[in-house]
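Down below is the structure, laid out as structure tokens.
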Amino acid sequence: MKPVTSQESELDGQGVTLDVSVWRGTSEGGGYQRFEVPALENQTILDVVSWIQHYADATLTYRFACRVGMCGSCAMMVNGQPRWTCRTHVKKVLKAGAVQIGPLRNLPVIKDLAADMDPFFDKWVTAGGAHAPSATRDDPIPPVDPQDAIRVEASAGIECINCSICYAACDTVAGNPDYLGPAALQRAWTLLNDAKHDAHDQILDAVSGVGGCHNCHSMGSCTVFCPNDLDPMSAIAGLKRETAKSFFRRRK
Amino acid sequence: MKPARAHPLWLAFVLHRVSGLALALFLPLHFWVLSYALTAPEKLNQFLSFAEQPIVKIAEFGLIFLLAVHVFGGLRLMAMEWLPWSAPQKSLAAGAVGIAVLISGTFFLQVV
Amino acid sequence: MLNLRLYMLQRITALIMAPLTLGHIAVMIYAVQGGLSAEEILGRTQGSIFWFLFYGSFVLVVATHAAIGLRVIAHEMTGLTGRALTGFTWGTGLLLLAMGTQALIAVTWPAGMT
């Protein structure tokens, strides 16, 4: 007798299907299209999307690269919530045999499930996210103590994979298109606490404008939805604290 | 479909926004009634006796709840931003609502 | 729609108002015992420098705080921007300040001195 693998147990080969609604269209318009997708015992949302593109409709557009939660390119809205689809098991989100998959919220849609990430990455730069080294290659490398309190603050935010899930979850971004958003501000906070970064005052200025950290309402959806368990809300609170200090310091 | 956002700090944000908006809309009415104190005290007394109705008392209870919840919710926000108190935010937010209920409840017991 | 300056103004007015509001609530809880009358309220407040300064500073900071708060809501909910948003902020602030000052004078000015 053939051994039963997890791929073939229970749901497999029983003719059970998932009722999948997938967004088709662009920012200008479109609608949800339904697909019947074979249910498997082990299956991620990204697997479902790939199955549709391979076997049902080759024109479906979506974006992914690593499939293991490293690259941050496959985030989509799943049943209305932003998620990394390669690490989202179908069974975790299935509601009465159905699931709805759409492009990331708060971003323009290029086509189908591919959101235009330009505004998201542009804001990283606007928030002062480009590294400005404090030394040249000819200088000795300054030692960094990982236990140092400031370094601990910086380290807390460096595992960001730029997936834009926090940006899609944030209602402040939805209401205020200029707002830089949680990811870009968290990046600014890590650089502000980076001993090897040399443009601290420029960061404070970059996050103090009309779209800056002071627009954050601390609703914390960024922290709730971050797939890497980072805490952008607290990072933004840190920026508010440092800019408030600089407000008094610079007035002297 | 909009994202499900019903987590504690999002609800705290909504409560802060709704209470702030309601208080800002109430303020002009409050000022307008008080300004009668000088020009027409009898009108102010008329209004105060109108305020004896149970329905108005319940509305006053609501107003004081909104005021207290806005104050303590705001203090929680400022503590989070300026003091390194990031961990127990959910408990602090719940505490703000609790204190507001306590204060507005005290007021309600005085008027009934 | 806040920059650092408006944010600081919003937080500083909030800090000033925290004790004033708690004082205001305490007075309310005390004053409503046995019902309210215009005479009772005015007997306490008219001609009192303490209550004039208490509610005078309250009116000033609440007008500022409410105007900035409404500005944020107007921007996020209706998309108001630019000069219209600036005008809206100043308009609501000055309206609240004017109405509040009228109420302040009515309640705390010494009786018979108008």
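Residues are named by chain letter and number: chains run A, B, ... in the order of the structure tokens, numbers start at 1 in each chain, and ligands are numbered from 1 in the order shown.
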
* Asked: Using only C-alpha atoms, which chain A residues lie at most 8 Å away from chain B, written as number ranges by chain?
  -> A: 79-82, 169, 217-221, 234, 237-238, 240-241

Store the residues picked out above in a file with C-alpha atoms, as a PDB file, in the first residue's frame.
```pdb
ATOM      1  CA  ASN A  79     -10.840  38.509   4.055  1.00  0.00           C
ATOM      2  CA  GLY A  80     -10.270  42.243   4.459  1.00  0.00           C
ATOM      3  CA  GLN A  81      -7.121  41.952   6.594  1.00  0.00           C
ATOM      4  CA  PRO A  82      -3.566  42.581   5.384  1.00  0.00           C
ATOM      5  CA  ALA A 169      -3.641  48.307   8.143  1.00  0.00           C
ATOM      6  CA  HIS A 217      -3.141  58.423  16.539  1.00  0.00           C
ATOM      7  CA  SER A 218      -1.532  55.416  18.245  1.00  0.00           C
ATOM      8  CA  MET A 219      -4.371  53.146  17.167  1.00  0.00           C
ATOM      9  CA  GLY A 220      -1.771  50.399  16.939  1.00  0.00           C
ATOM     10  CA  SER A 221      -3.071  48.469  13.914  1.00  0.00           C
ATOM     11  CA  SER A 234       6.137  52.434  19.926  1.00  0.00           C
ATOM     12  CA  ALA A 237       6.039  57.274  19.976  1.00  0.00           C
ATOM     13  CA  GLY A 238       9.839  57.403  20.308  1.00  0.00           C
ATOM     14  CA  LYS A 240       7.361  62.024  19.007  1.00  0.00           C
ATOM     15  CA  ARG A 241       9.368  62.042  22.227  1.00  0.00           C
TER      16      ARG A 241
END
```

* Asked: For chain C against chain A, which residues fall within 12 Å using only C-alpha atoms, given as a ChimeraX atom specification?
  -> /C:1-12,68-69,71-82

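Distances from C:Leu70, C:Ile49, C:Leu60, C:Gly91 to chain B were compared using only C-alpha atoms, and the smallest one belongs to C:Leu70.
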
* Structure fact -> Using only C-alpha atoms, the best pick from A:Met77, A:Leu104, A:Leu46, A:Cys71 as closest to Asn228 of chain A would be A:Cys71

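If we count only C-alpha atoms, these residues of chain B sit within 7 Å of chain C: Ala24, Pro28, Phe31, Trp32, Leu34, Ser35, Ala37, Leu38, Pro41, Leu44, Asn45, Leu48, Val71, Phe107, Gln110 and Val111 of chain B.
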
Let's have the selection written as a PDB file, in the first residue's frame, with C-alpha atoms.
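Result file follows (part-v8.pdb):
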```
ATOM      1  CA  ALA B  24     -16.271  70.230  20.670  1.00  0.00           C
ATOM      2  CA  PRO B  28     -20.757  76.360  21.776  1.00  0.00           C
ATOM      3  CA  PHE B  31     -21.137  78.822  26.274  1.00  0.00           C
ATOM      4  CA  TRP B  32     -24.358  80.150  24.719  1.00  0.00           C
ATOM      5  CA  LEU B  34     -24.059  80.421  30.228  1.00  0.00           C
ATOM      6  CA  SER B  35     -23.900  83.792  28.501  1.00  0.00           C
ATOM      7  CA  ALA B  37     -26.452  84.524  33.098  1.00  0.00           C
ATOM      8  CA  LEU B  38     -25.845  88.236  32.637  1.00  0.00           C
ATOM      9  CA  PRO B  41     -30.883  85.202  34.356  1.00  0.00           C
ATOM     10  CA  LEU B  44     -30.805  80.504  32.498  1.00  0.00           C
ATOM     11  CA  ASN B  45     -33.120  79.368  35.291  1.00  0.00           C
ATOM     12  CA  LEU B  48     -31.783  74.755  34.456  1.00  0.00           C
ATOM     13  CA  VAL B  71      -9.095  63.324  29.723  1.00  0.00           C
ATOM     14  CA  PHE B 107     -22.041  62.565  39.127  1.00  0.00           C
ATOM     15  CA  GLN B 110     -25.598  63.111  42.821  1.00  0.00           C
ATOM     16  CA  VAL B 111     -28.229  64.296  40.331  1.00  0.00           C
TER      17      VAL B 111
END
```

* Asked: Quick one: DSSP helix (DSSP H, G or I) residues in chain B, as a VMD selection string?
  -> chain B and resid 8 to 34 36 to 39 41 to 50 54 to 82 89 to 111

* Within 12 Å of Ala96 of chain A, counting only C-alpha atoms, which residues qualify if same-chain residues fewer than 4 places away don't, as a list of chain:residue names? -> A:Thr17, A:Leu18, A:Asp19, A:Val20, A:Val90, A:Lys91, A:Lys92, A:Gln100

* Structure fact -> Using only C-alpha atoms, the residue out of C:Arg83, C:His24, C:Phe88, C:Leu94 with shortest distance to Tyr55 of chain C is C:His24

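Straight-line separation from atom CA of Leu67 of chain B to atom CA of Gly95 of chain B: 14.9 Å.
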
* To do: Find the spatial neighbours of Gly128 of chain A, counting only C-alpha atoms, within a cut-off of 10 Å - ignore same-chain residues fewer than 3 positions away - and output them as JSON, numbers by chain.
  => {"A": [123, 124, 125, 131, 132, 184, 185, 187, 188, 189, 191, 192, 199, 200, 201, 202, 203, 204, 205, 206, 207]}

* segment 41-228 of chain A: residues DSSP assigns to strand (DSSP E), reported as JSON, numbers by chain -> {"A": [75, 76, 77, 78, 81, 82, 83, 84, 98, 99, 100, 101, 102, 109, 110, 111, 114, 115]}

Filtering to C-alpha atoms, could you give me those residues as a short mmCIF file (atom, residue, chain, number, x, y, z; two decimals), in the first residue's frame?
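Generated output (result.cif):
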```
data_model
loop_
_atom_site.label_atom_id
_atom_site.label_comp_id
_atom_site.auth_asym_id
_atom_site.auth_seq_id
_atom_site.Cartn_x
_atom_site.Cartn_y
_atom_site.Cartn_z
CA ALA A 75 1.27 40.75 1.05
CA MET A 76 -2.42 40.98 0.12
CA MET A 77 -5.76 41.60 1.78
CA VAL A 78 -7.22 38.29 2.92
CA GLN A 81 -7.12 41.95 6.59
CA PRO A 82 -3.57 42.58 5.38
CA ARG A 83 -1.47 39.39 5.54
CA TRP A 84 1.71 37.83 4.19
CA ALA A 98 -14.79 30.69 1.28
CA VAL A 99 -12.00 33.25 1.24
CA GLN A 100 -11.67 36.70 -0.36
CA ILE A 101 -8.28 37.87 -1.68
CA GLY A 102 -7.59 41.46 -2.75
CA VAL A 109 -3.52 48.89 -7.80
CA ILE A 110 -1.49 48.14 -10.94
CA LYS A 111 -3.51 45.05 -11.84
CA ALA A 114 -0.31 43.60 -7.59
CA ALA A 115 -0.34 46.92 -5.70
#
```

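Reported to one decimal place, the separation of atom CA of Asp116 of chain A from atom CA of Thr61 of chain A is 12.3 Å.
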
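Separating atom CA of Thr44 of chain A from atom CA of Val93 of chain A is a distance of 9.9 Å.
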
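Nearest residue to Val22 of chain A among A:Ala65, A:Val144, A:Leu113, A:Ala58 is A:Leu113, counting only C-alpha atoms.
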
* Could you tell me which of A:Pro108, A:Ile52, A:Phe120, A:Asp57 comes closest to Gly29 of chain A if we count only C-alpha atoms? => A:Pro108
